[in-house]
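Source file coords32.txt; content: compact mmCIF, C-alpha atoms.
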```
# COMPACT_ATOMS: atom_id res chain seq x y z
CA MET J 16 85.23 42.63 65.21
CA THR J 17 84.21 44.42 62.08
CA LYS J 18 86.27 46.99 60.23
CA LYS J 19 83.84 49.76 61.30
CA GLU J 20 84.22 48.84 64.99
CA ILE J 21 88.03 48.83 64.72
CA VAL J 22 88.04 52.28 63.08
CA THR J 23 85.67 53.60 65.78
CA LEU J 24 87.90 52.13 68.49
CA ILE J 25 91.01 53.76 66.96
CA TYR J 26 89.26 57.15 66.75
CA ALA J 27 88.10 56.85 70.36
CA ALA J 28 91.64 55.99 71.51
CA LEU J 29 93.11 58.92 69.56
CA PHE J 30 90.50 61.28 71.01
CA ILE J 31 91.27 60.16 74.58
CA MET J 32 95.01 60.60 73.97
CA LEU J 33 94.53 64.11 72.52
CA VAL J 34 92.33 65.18 75.43
CA SER J 35 94.91 63.81 77.92
CA ILE J 36 97.73 65.67 76.18
CA ALA J 37 95.72 68.91 76.10
CA ILE J 38 94.86 68.67 79.82
CA THR J 39 98.47 67.87 80.78
CA ALA J 40 99.84 70.70 78.63
CA SER J 41 97.40 73.23 80.11
CA MET J 42 98.26 72.08 83.65
CA ILE J 43 101.96 72.57 82.95
CA TYR J 44 101.43 75.91 81.17
CA PHE J 45 99.24 77.37 83.93
CA LYS J 46 101.37 75.73 86.65
CA LEU J 47 98.46 74.13 88.42
CA PRO J 48 99.34 72.77 91.87
CA ILE J 49 98.13 69.29 90.94
CA LEU J 50 101.44 68.79 89.13
CA GLY J 51 103.43 70.59 91.79
CA GLY J 52 103.77 73.88 89.90
CA SER J 53 104.05 77.15 91.77
CA GLU J 54 101.59 80.03 91.50
CA SER J 55 104.02 82.14 89.49
CA GLU J 56 107.61 81.92 88.40
CA GLU J 57 108.30 85.27 90.08
CA SER J 58 107.37 84.17 93.56
CA GLY J 59 108.76 80.63 93.26
CA SER J 60 109.21 79.33 96.77
CA LYS J 61 109.58 82.81 98.30
CA PRO J 62 107.41 83.49 101.32
CA HIS J 63 104.19 85.40 100.94
CA TYR J 64 103.64 88.03 103.61
CA PHE J 65 100.21 88.96 104.86
CA LEU J 66 98.78 92.48 104.96
CA SER J 67 98.91 92.44 108.77
CA GLN J 68 102.68 91.84 108.55
CA SER J 69 103.20 94.75 106.12
CA ILE J 70 101.33 97.43 108.08
CA PRO J 71 104.04 97.77 110.80
CA VAL J 72 106.70 98.12 108.07
CA CYS J 73 104.91 101.17 106.67
CA GLU J 74 104.16 102.52 110.13
CA SER J 75 107.80 102.39 111.18
CA ALA J 76 108.90 104.05 107.90
CA ILE J 77 106.54 106.95 108.63
CA THR J 78 107.81 107.27 112.20
CA GLU J 79 111.45 107.09 111.04
CA ARG J 80 110.93 109.68 108.33
CA TYR J 81 109.00 112.30 110.32
CA GLY J 82 109.97 111.59 113.94
CA LYS J 83 108.97 114.40 116.30
CA LYS J 84 107.24 116.33 113.49
CA LEU J 85 104.62 113.56 113.34
CA HIS J 86 101.52 114.82 115.12
CA ARG J 87 99.01 112.07 114.23
CA LYS J 88 99.08 108.72 112.39
CA ASN J 89 95.98 106.61 111.61
CA ILE J 90 95.65 103.72 109.19
CA ASP J 91 93.00 104.10 106.48
CA SER J 92 91.59 100.59 106.67
CA MET J 93 89.03 101.28 103.94
CA SER J 94 91.74 101.99 101.33
CA THR J 95 94.46 99.58 102.53
CA ARG J 96 94.44 96.45 100.37
CA PHE J 97 96.37 93.76 98.49
CA ASP J 98 97.02 94.47 94.80
CA ASP J 99 97.38 91.12 93.06
CA ILE J 100 98.59 92.65 89.78
CA ARG J 101 101.61 94.20 91.54
CA ASN J 102 101.83 91.40 94.12
CA ALA J 103 102.03 94.14 96.73
CA HIS J 104 100.19 95.53 99.70
CA LEU J 105 99.00 99.13 99.38
CA ILE J 106 98.99 100.60 102.89
CA PHE J 107 97.26 103.96 103.39
CA PHE J 108 97.85 106.17 106.43
CA ASP J 109 96.29 109.52 107.27
CA ILE J 110 98.94 111.55 109.03
CA ALA J 111 99.39 115.08 110.35
CA ILE J 112 102.80 116.74 110.43
CA LYS J 113 103.75 119.85 112.35
CA VAL J 114 104.91 122.47 109.85
CA SER J 115 105.72 125.95 111.21
CA GLY J 116 103.57 125.40 114.28
CA ASP J 117 100.55 124.17 112.27
CA SER J 118 99.38 120.61 111.82
CA VAL J 119 99.15 119.76 108.10
CA ALA J 120 97.24 116.69 106.89
CA TYR J 121 98.70 114.20 104.41
CA THR J 122 97.96 110.76 103.06
CA VAL J 123 100.85 108.28 102.93
CA ILE J 124 100.74 105.35 100.53
CA CYS J 125 103.28 102.59 101.10
CA THR J 126 103.62 99.95 98.40
CA ILE J 127 105.10 96.89 100.09
CA SER J 128 106.15 93.75 98.23
CA ALA J 129 104.16 90.70 99.33
CA SER J 130 107.09 88.43 98.52
CA ASN J 131 109.79 90.10 100.63
CA ASN J 132 107.83 92.57 102.84
CA LYS J 133 110.06 95.50 101.77
CA ILE J 134 108.89 98.97 100.74
CA ARG J 135 108.83 99.41 96.97
CA ASP J 136 107.37 102.92 97.00
CA PHE J 137 106.63 105.54 99.64
CA GLU J 138 104.36 108.34 98.50
CA ILE J 139 103.02 111.29 100.49
CA ILE J 140 100.10 113.31 99.14
CA PRO J 141 99.00 116.60 100.70
CA VAL J 142 95.33 116.71 101.63
CA SER J 143 95.35 120.45 101.04
CA LYS J 144 96.85 121.83 97.81
CA ARG J 145 98.49 124.66 99.72
CA ALA J 146 100.51 122.26 101.88
CA LYS J 147 104.14 122.06 100.88
CA LEU J 148 106.57 119.56 102.27
CA ARG J 149 110.01 118.53 101.08
CA LEU J 150 110.25 114.77 100.67
```

Now that the file is in, can you turn its structure into structure tokens?
Amino acid sequence: MTKKEIVTLIYAALFIMLVSIAITASMIYFKLPILGGSESEESGSKPHYFLSQSIPVCESAITERYGKKLHRKNIDSMSTRFDDIRNAHLIFFDIAIKVSGDSVAYTVICTISASNNKIRDFEIIPVSKRAKLRL
């Protein structure tokens, strides 16, 4: 083997080692499942709840909060979604509440954690600006 072939072989071996180290480091850093890493440190091994499991949580919170005042409750399936940045389900309901004999329309937005299926935020927005309701 000539000196030039030995040098080329050493460079090739170094290049393969550097590429292997870079791939391994990126797999560890990004926690790729190939090495058994989890999707995120936050969620760890906690369960991930589906949107269909979170809708009843919001629905029962609305019923609990407004009880007999609740006139109508419909899910807004076009707006309801999973927000991956917050790791939460955003559940939208169109509701009507009886206020002084009238039925007043509101939109309820429940933010429900996808990791523990608990309500993080419960927001009610009047459809009409004249509607006033104590929360």

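Neighbours of range 95-104 of chain J closer than or equal to 9 Å, with only C-alpha atoms counted and sequence neighbours fewer than 3 positions away skipped, come out as J:Phe65, J:Leu66, J:Ser69, J:Ile70, J:Ile90, J:Asp91, J:Ser92, J:Phe107, J:Phe108, J:Ile124, J:Cys125, J:Thr126, J:Ile127, J:Ser128, J:Ala129, J:Ser130, J:Asn132, J:Arg135.
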
>> Counting all atoms listed in the file, which residue out of J:Leu105, J:Ile36, J:Ala76, J:Ile110 sits closest to Asn89 in chain J?
In response: J:Ile110

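Going from CA of Val123 in chain J over to CA of Ser67 in chain J, you cover 17.0 Å.
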
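Of the listed residues J:Met93, J:Thr23, J:Met16, J:Ala28, the one whose atoms come nearest to Ile106 in chain J is J:Met93, with distances taken using all atoms listed in the file.
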
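The gap separating CA of His86 in chain J from CA of Ser115 in chain J is 12.5 Å, in Å to one decimal.
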
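Across J:Tyr64, J:Tyr121, J:Lys18, J:Pro141, the tightest approach to Ile77 in chain J is made by J:Tyr121 when counting all atoms listed in the file.
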
> How many Å lie between CA of Thr122 in chain J and CA of Thr78 in chain J, rounded to one decimal?
Replying inline: 13.9 Å

Residues within 12 Å of Asp117 in chain J, please, as an mmCIF file with C-alpha atoms, in the coordinates of the input. Count all atoms listed in the file; anything in the same chain fewer than 6 positions from it doesn't count.
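Written output follows (out-v8.cif):
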```cif
data_model
loop_
_atom_site.group_PDB
_atom_site.id
_atom_site.type_symbol
_atom_site.label_atom_id
_atom_site.label_comp_id
_atom_site.auth_asym_id
_atom_site.auth_seq_id
_atom_site.Cartn_x
_atom_site.Cartn_y
_atom_site.Cartn_z
ATOM 1 C CA LYS J 84 107.240 116.330 113.490
ATOM 2 C CA LEU J 85 104.620 113.560 113.340
ATOM 3 C CA HIS J 86 101.520 114.820 115.120
ATOM 4 C CA ALA J 111 99.390 115.080 110.350
ATOM 5 C CA ALA J 146 100.510 122.260 101.880
#
```
